[in-house]
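Visitor: run_31.cif is the file, holding mmCIF, C-alpha atoms:
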data_coords
#
loop_
_atom_site.group_PDB
_atom_site.id
_atom_site.type_symbol
_atom_site.label_atom_id
_atom_site.label_comp_id
_atom_site.auth_asym_id
_atom_site.auth_seq_id
_atom_site.Cartn_x
_atom_site.Cartn_y
_atom_site.Cartn_z
ATOM 1 C CA MET G 222 0.000 0.000 0.000
ATOM 2 C CA ASN G 223 1.379 3.376 -1.019
ATOM 3 C CA ASP G 224 0.840 6.122 1.541
ATOM 4 C CA GLN G 225 2.041 8.864 -0.794
ATOM 5 C CA PRO G 226 -0.544 11.592 -1.385
ATOM 6 C CA LYS G 227 -2.081 11.491 -4.853
ATOM 7 C CA TYR G 228 -1.155 15.118 -5.481
ATOM 8 C CA ALA G 229 1.932 16.991 -4.420
ATOM 9 C CA SER G 230 0.980 19.865 -2.147
ATOM 10 C CA ASP G 231 3.813 22.029 -3.431
ATOM 11 C CA ALA G 232 2.992 21.522 -7.121
ATOM 12 C CA ALA G 233 2.107 24.586 -9.146
ATOM 13 C CA ALA G 234 -0.352 24.795 -11.993
ATOM 14 C CA PRO G 235 1.309 24.838 -15.402
ATOM 15 C CA SER G 236 1.600 28.164 -17.152
ATOM 16 C CA ALA G 237 -0.732 28.857 -20.057
ATOM 17 C CA VAL G 238 2.159 28.234 -22.453
ATOM 18 C CA GLN G 239 2.938 24.869 -20.845
ATOM 19 C CA ALA G 240 -0.691 23.804 -20.779
ATOM 20 C CA TYR G 241 -1.684 24.865 -24.275
ATOM 21 C CA THR G 242 1.482 24.489 -26.379
ATOM 22 C CA ARG G 243 0.271 21.212 -27.868
ATOM 23 C CA ALA G 244 -3.402 22.238 -28.036
ATOM 24 C CA PRO G 245 -5.104 22.359 -31.431
ATOM 25 C CA ALA G 246 -6.005 25.664 -33.065
ATOM 26 C CA LEU G 247 -8.969 27.382 -31.412
ATOM 27 C CA ALA G 248 -11.248 26.716 -34.371
ATOM 28 C CA HIS G 249 -10.401 23.013 -34.269
ATOM 29 C CA GLU G 250 -10.959 22.907 -30.516
ATOM 30 C CA LEU G 251 -14.355 24.571 -30.991
ATOM 31 C CA TYR G 252 -15.282 22.050 -33.706
ATOM 32 C CA ASP G 253 -14.394 19.207 -31.363
ATOM 33 C CA LEU G 254 -16.303 20.745 -28.478
ATOM 34 C CA LEU G 255 -19.375 21.373 -30.606
ATOM 35 C CA HIS G 256 -19.185 17.822 -31.938
ATOM 36 C CA CYS G 257 -19.006 16.441 -28.386
ATOM 37 C CA VAL G 258 -21.960 18.532 -27.221
ATOM 38 C CA ALA G 259 -23.977 17.504 -30.258
ATOM 39 C CA ALA G 260 -23.130 13.831 -29.750
ATOM 40 C CA LEU G 261 -24.340 14.010 -26.148
ATOM 41 C CA HIS G 262 -27.533 15.797 -27.101
ATOM 42 C CA ARG G 263 -30.065 13.685 -28.981
ATOM 43 C CA PRO G 264 -32.753 16.023 -30.333
ATOM 44 C CA SER G 265 -36.318 14.765 -30.425
ATOM 45 C CA GLY G 266 -37.893 17.582 -32.432
ATOM 46 C CA GLN G 267 -40.257 18.338 -29.572
ATOM 47 C CA ASP G 268 -38.537 21.394 -28.157
ATOM 48 C CA GLN G 269 -37.744 24.630 -30.007
ATOM 49 C CA ASP G 270 -34.698 25.126 -27.771
ATOM 50 C CA GLU G 271 -33.199 21.937 -29.246
ATOM 51 C CA ARG G 272 -33.402 23.438 -32.704
ATOM 52 C CA ILE G 273 -31.944 26.770 -31.621
ATOM 53 C CA LEU G 274 -29.001 24.883 -30.112
ATOM 54 C CA LEU G 275 -28.438 23.093 -33.431
ATOM 55 C CA VAL G 276 -28.693 26.342 -35.404
ATOM 56 C CA ARG G 277 -26.223 28.125 -33.160
ATOM 57 C CA GLN G 278 -23.775 25.193 -33.034
ATOM 58 C CA ALA G 279 -23.758 24.872 -36.810
ATOM 59 C CA ALA G 280 -23.384 28.631 -37.293
ATOM 60 C CA LEU G 281 -20.517 28.873 -34.805
ATOM 61 C CA ALA G 282 -18.720 25.981 -36.499
ATOM 62 C CA ASP G 283 -19.246 27.603 -39.909
ATOM 63 C CA ARG G 284 -17.879 30.909 -38.626
ATOM 64 C CA CYS G 285 -14.825 29.143 -37.174
ATOM 65 C CA ARG G 286 -14.309 27.311 -40.459
ATOM 66 C CA LEU G 287 -14.416 30.587 -42.354
ATOM 67 C CA ALA G 288 -12.025 32.274 -39.899
ATOM 68 C CA ASP G 289 -9.479 29.431 -39.939
ATOM 69 C CA THR G 290 -9.053 28.302 -43.517
ATOM 70 C CA SER G 291 -6.222 25.945 -42.527
ATOM 71 C CA SER G 292 -8.571 23.587 -40.669
ATOM 72 C CA ASP G 293 -10.793 21.045 -42.343
ATOM 73 C CA ASP G 294 -14.554 21.460 -42.340
ATOM 74 C CA ASP G 295 -15.467 17.953 -41.167
ATOM 75 C CA GLY G 296 -16.818 19.139 -37.817
ATOM 76 C CA ALA G 297 -18.613 22.107 -39.304
ATOM 77 C CA GLY G 298 -19.905 19.977 -42.162
ATOM 78 C CA TRP G 299 -21.255 17.396 -39.759
ATOM 79 C CA LEU G 300 -23.069 20.038 -37.702
ATOM 80 C CA ALA G 301 -24.507 21.603 -40.859
ATOM 81 C CA TRP G 302 -25.699 18.161 -41.965
ATOM 82 C CA ARG G 303 -27.213 17.570 -38.543
ATOM 83 C CA LEU G 304 -29.229 20.818 -38.591
ATOM 84 C CA HIS G 305 -30.380 20.194 -42.153
ATOM 85 C CA THR G 306 -31.401 16.616 -41.354
ATOM 86 C CA PHE G 307 -33.210 17.718 -38.191
ATOM 87 C CA ASP G 308 -35.201 20.352 -40.061
ATOM 88 C CA LYS G 309 -36.043 17.965 -42.896
ATOM 89 C CA SER G 310 -37.157 15.309 -40.421
ATOM 90 C CA PHE G 311 -39.288 17.571 -38.237
ATOM 91 C CA ASP G 312 -40.271 20.215 -40.842
ATOM 92 C CA THR G 313 -38.897 22.976 -38.632
ATOM 93 C CA SER G 314 -37.217 25.319 -41.150
ATOM 94 C CA ARG G 315 -37.735 28.989 -40.409
ATOM 95 C CA GLY G 316 -36.013 30.654 -43.369
ATOM 96 C CA PRO G 317 -37.721 31.400 -46.682
ATOM 97 C CA ILE G 318 -36.425 28.247 -48.422
ATOM 98 C CA PRO G 319 -37.461 25.008 -46.676
ATOM 99 C CA ALA G 320 -34.994 22.284 -45.716
ATOM 100 C CA SER G 321 -36.673 19.974 -48.215
ATOM 101 C CA ASP G 322 -35.430 22.100 -51.144
ATOM 102 C CA GLU G 323 -32.827 20.154 -53.154
ATOM 103 C CA ARG G 324 -30.353 23.036 -53.197
ATOM 104 C CA TRP G 325 -29.523 22.421 -49.533
ATOM 105 C CA ASP G 326 -28.287 18.904 -50.279
ATOM 106 C CA ARG G 327 -25.412 20.603 -52.131
ATOM 107 C CA ASP G 328 -25.048 23.676 -49.913
ATOM 108 C CA ARG G 329 -25.581 22.831 -46.260
ATOM 109 C CA PHE G 330 -23.518 25.803 -45.095
ATOM 110 C CA GLY G 331 -25.870 28.024 -47.085
ATOM 111 C CA TYR G 332 -28.731 26.408 -45.223
ATOM 112 C CA VAL G 333 -27.051 27.054 -41.874
ATOM 113 C CA ARG G 334 -26.569 30.707 -42.800
ATOM 114 C CA GLN G 335 -30.172 31.090 -43.894
ATOM 115 C CA GLU G 336 -31.471 29.598 -40.648
ATOM 116 C CA TYR G 337 -29.055 31.539 -38.462
ATOM 117 C CA HIS G 338 -29.919 34.760 -40.275
ATOM 118 C CA TRP G 339 -33.606 34.121 -39.639
ATOM 119 C CA TRP G 340 -32.937 33.367 -35.974
ATOM 120 C CA ILE G 341 -30.697 36.407 -35.331
ATOM 121 C CA THR G 342 -33.081 38.816 -37.079
ATOM 122 C CA HIS G 343 -36.165 37.499 -35.267
ATOM 123 C CA ASN G 344 -34.705 37.504 -31.768
ATOM 124 C CA PRO G 345 -34.153 41.018 -30.441
ATOM 125 C CA GLY G 346 -31.234 41.105 -28.072
ATOM 126 C CA ALA G 347 -29.481 38.089 -29.620
ATOM 127 C CA ALA G 348 -27.316 40.222 -31.879
ATOM 128 C CA VAL G 349 -24.578 42.423 -30.495
ATOM 129 C CA THR G 350 -23.112 45.458 -32.149
ATOM 130 C CA ALA G 351 -19.428 45.675 -32.989
ATOM 131 C CA ARG G 352 -17.399 47.297 -30.252
#
So, in terms of structure tokens, how does the structure I just supplied come out?
Guide:
Amino acid sequence: MNDQPKYASDAAAPSAVQAYTRAPALAHELYDLLHCVAALHRPSGQDQDERILLVRQAALADRCRLADTSSDDDGAGWLAWRLHTFDKSFDTSRGPIPASDERWDRDRFGYVRQEYHWWITHNPGAAVTAR
């Protein structure tokens, strides 16, 4: 039996440089985080908040993808597919062109942008002004 404490009482937390030197780019980290959250959350189509979460996740991933052109779009593409599939399954599109329109099968990021644009323009207080 080892009586040594699990943690050293005189240990210091690593510096930010030490902790994050090997971390992925922020956009990639966000993709991974969004993917994890989405994988844990199984939407049922019964709650409007579920859909808003999907819209915002997909839009954030798309924005990260556009800001960091060096990263792949697998995570963002998956979230865009997930929103599009959700809206097709539950007929919950809000933008002017429904999810069932064929164009969105070829342009899921366009669909995300349409749905996010509808959400942000119909929810006072959601948008912030540039500072």
Visitor: Expanded to explicit residues, what is the PyMOL selection byres ((chain G and resi 304-309) around 7) for this file, as a PyMOL selection string?
Guide: chain G and resi 275-276+300-303+310-314+320-321+329
Visitor: Point out the residue among G:Val333, G:Leu274, G:Leu255, G:Ala248 with the least atom-to-atom distance to Ala288 in chain G, counting only C-alpha atoms.
Guide: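 Under the stated criterion, the closest residue is G:Ala248.
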Visitor: Separation of CA of Trp339 in chain G and CA of Gly316 in chain G, in Å?
Guide: 5.6 Å
Visitor: Nearest to Asp328 in chain G among G:Ser236, G:Gln269, G:His343, G:Gly298, with distances taken over all atoms listed in the file: which residue is it?
Guide: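 For Asp328 in chain G, the nearest of the candidates is G:Gly298.
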Visitor: Measure the distance from CA of Ile318 in chain G to CA of Arg286 in chain G in Å and round it to one decimal.
Guide: 23.5 Å
Visitor: One decimal, Å: what's the distance from CA of Pro319 in chain G over to CA of Tyr337 in chain G, could you say?
Guide: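 Interatomic distance here is 13.4 Å.
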Visitor: Please identify all polymer residues within 7 Å of Asp283 in chain G, counting only C-alpha atoms, omitting same-chain residues fewer than 4 positions from it, and present them as an MDAnalysis selection string.
Guide: chainID G and resid 279 287 297 330
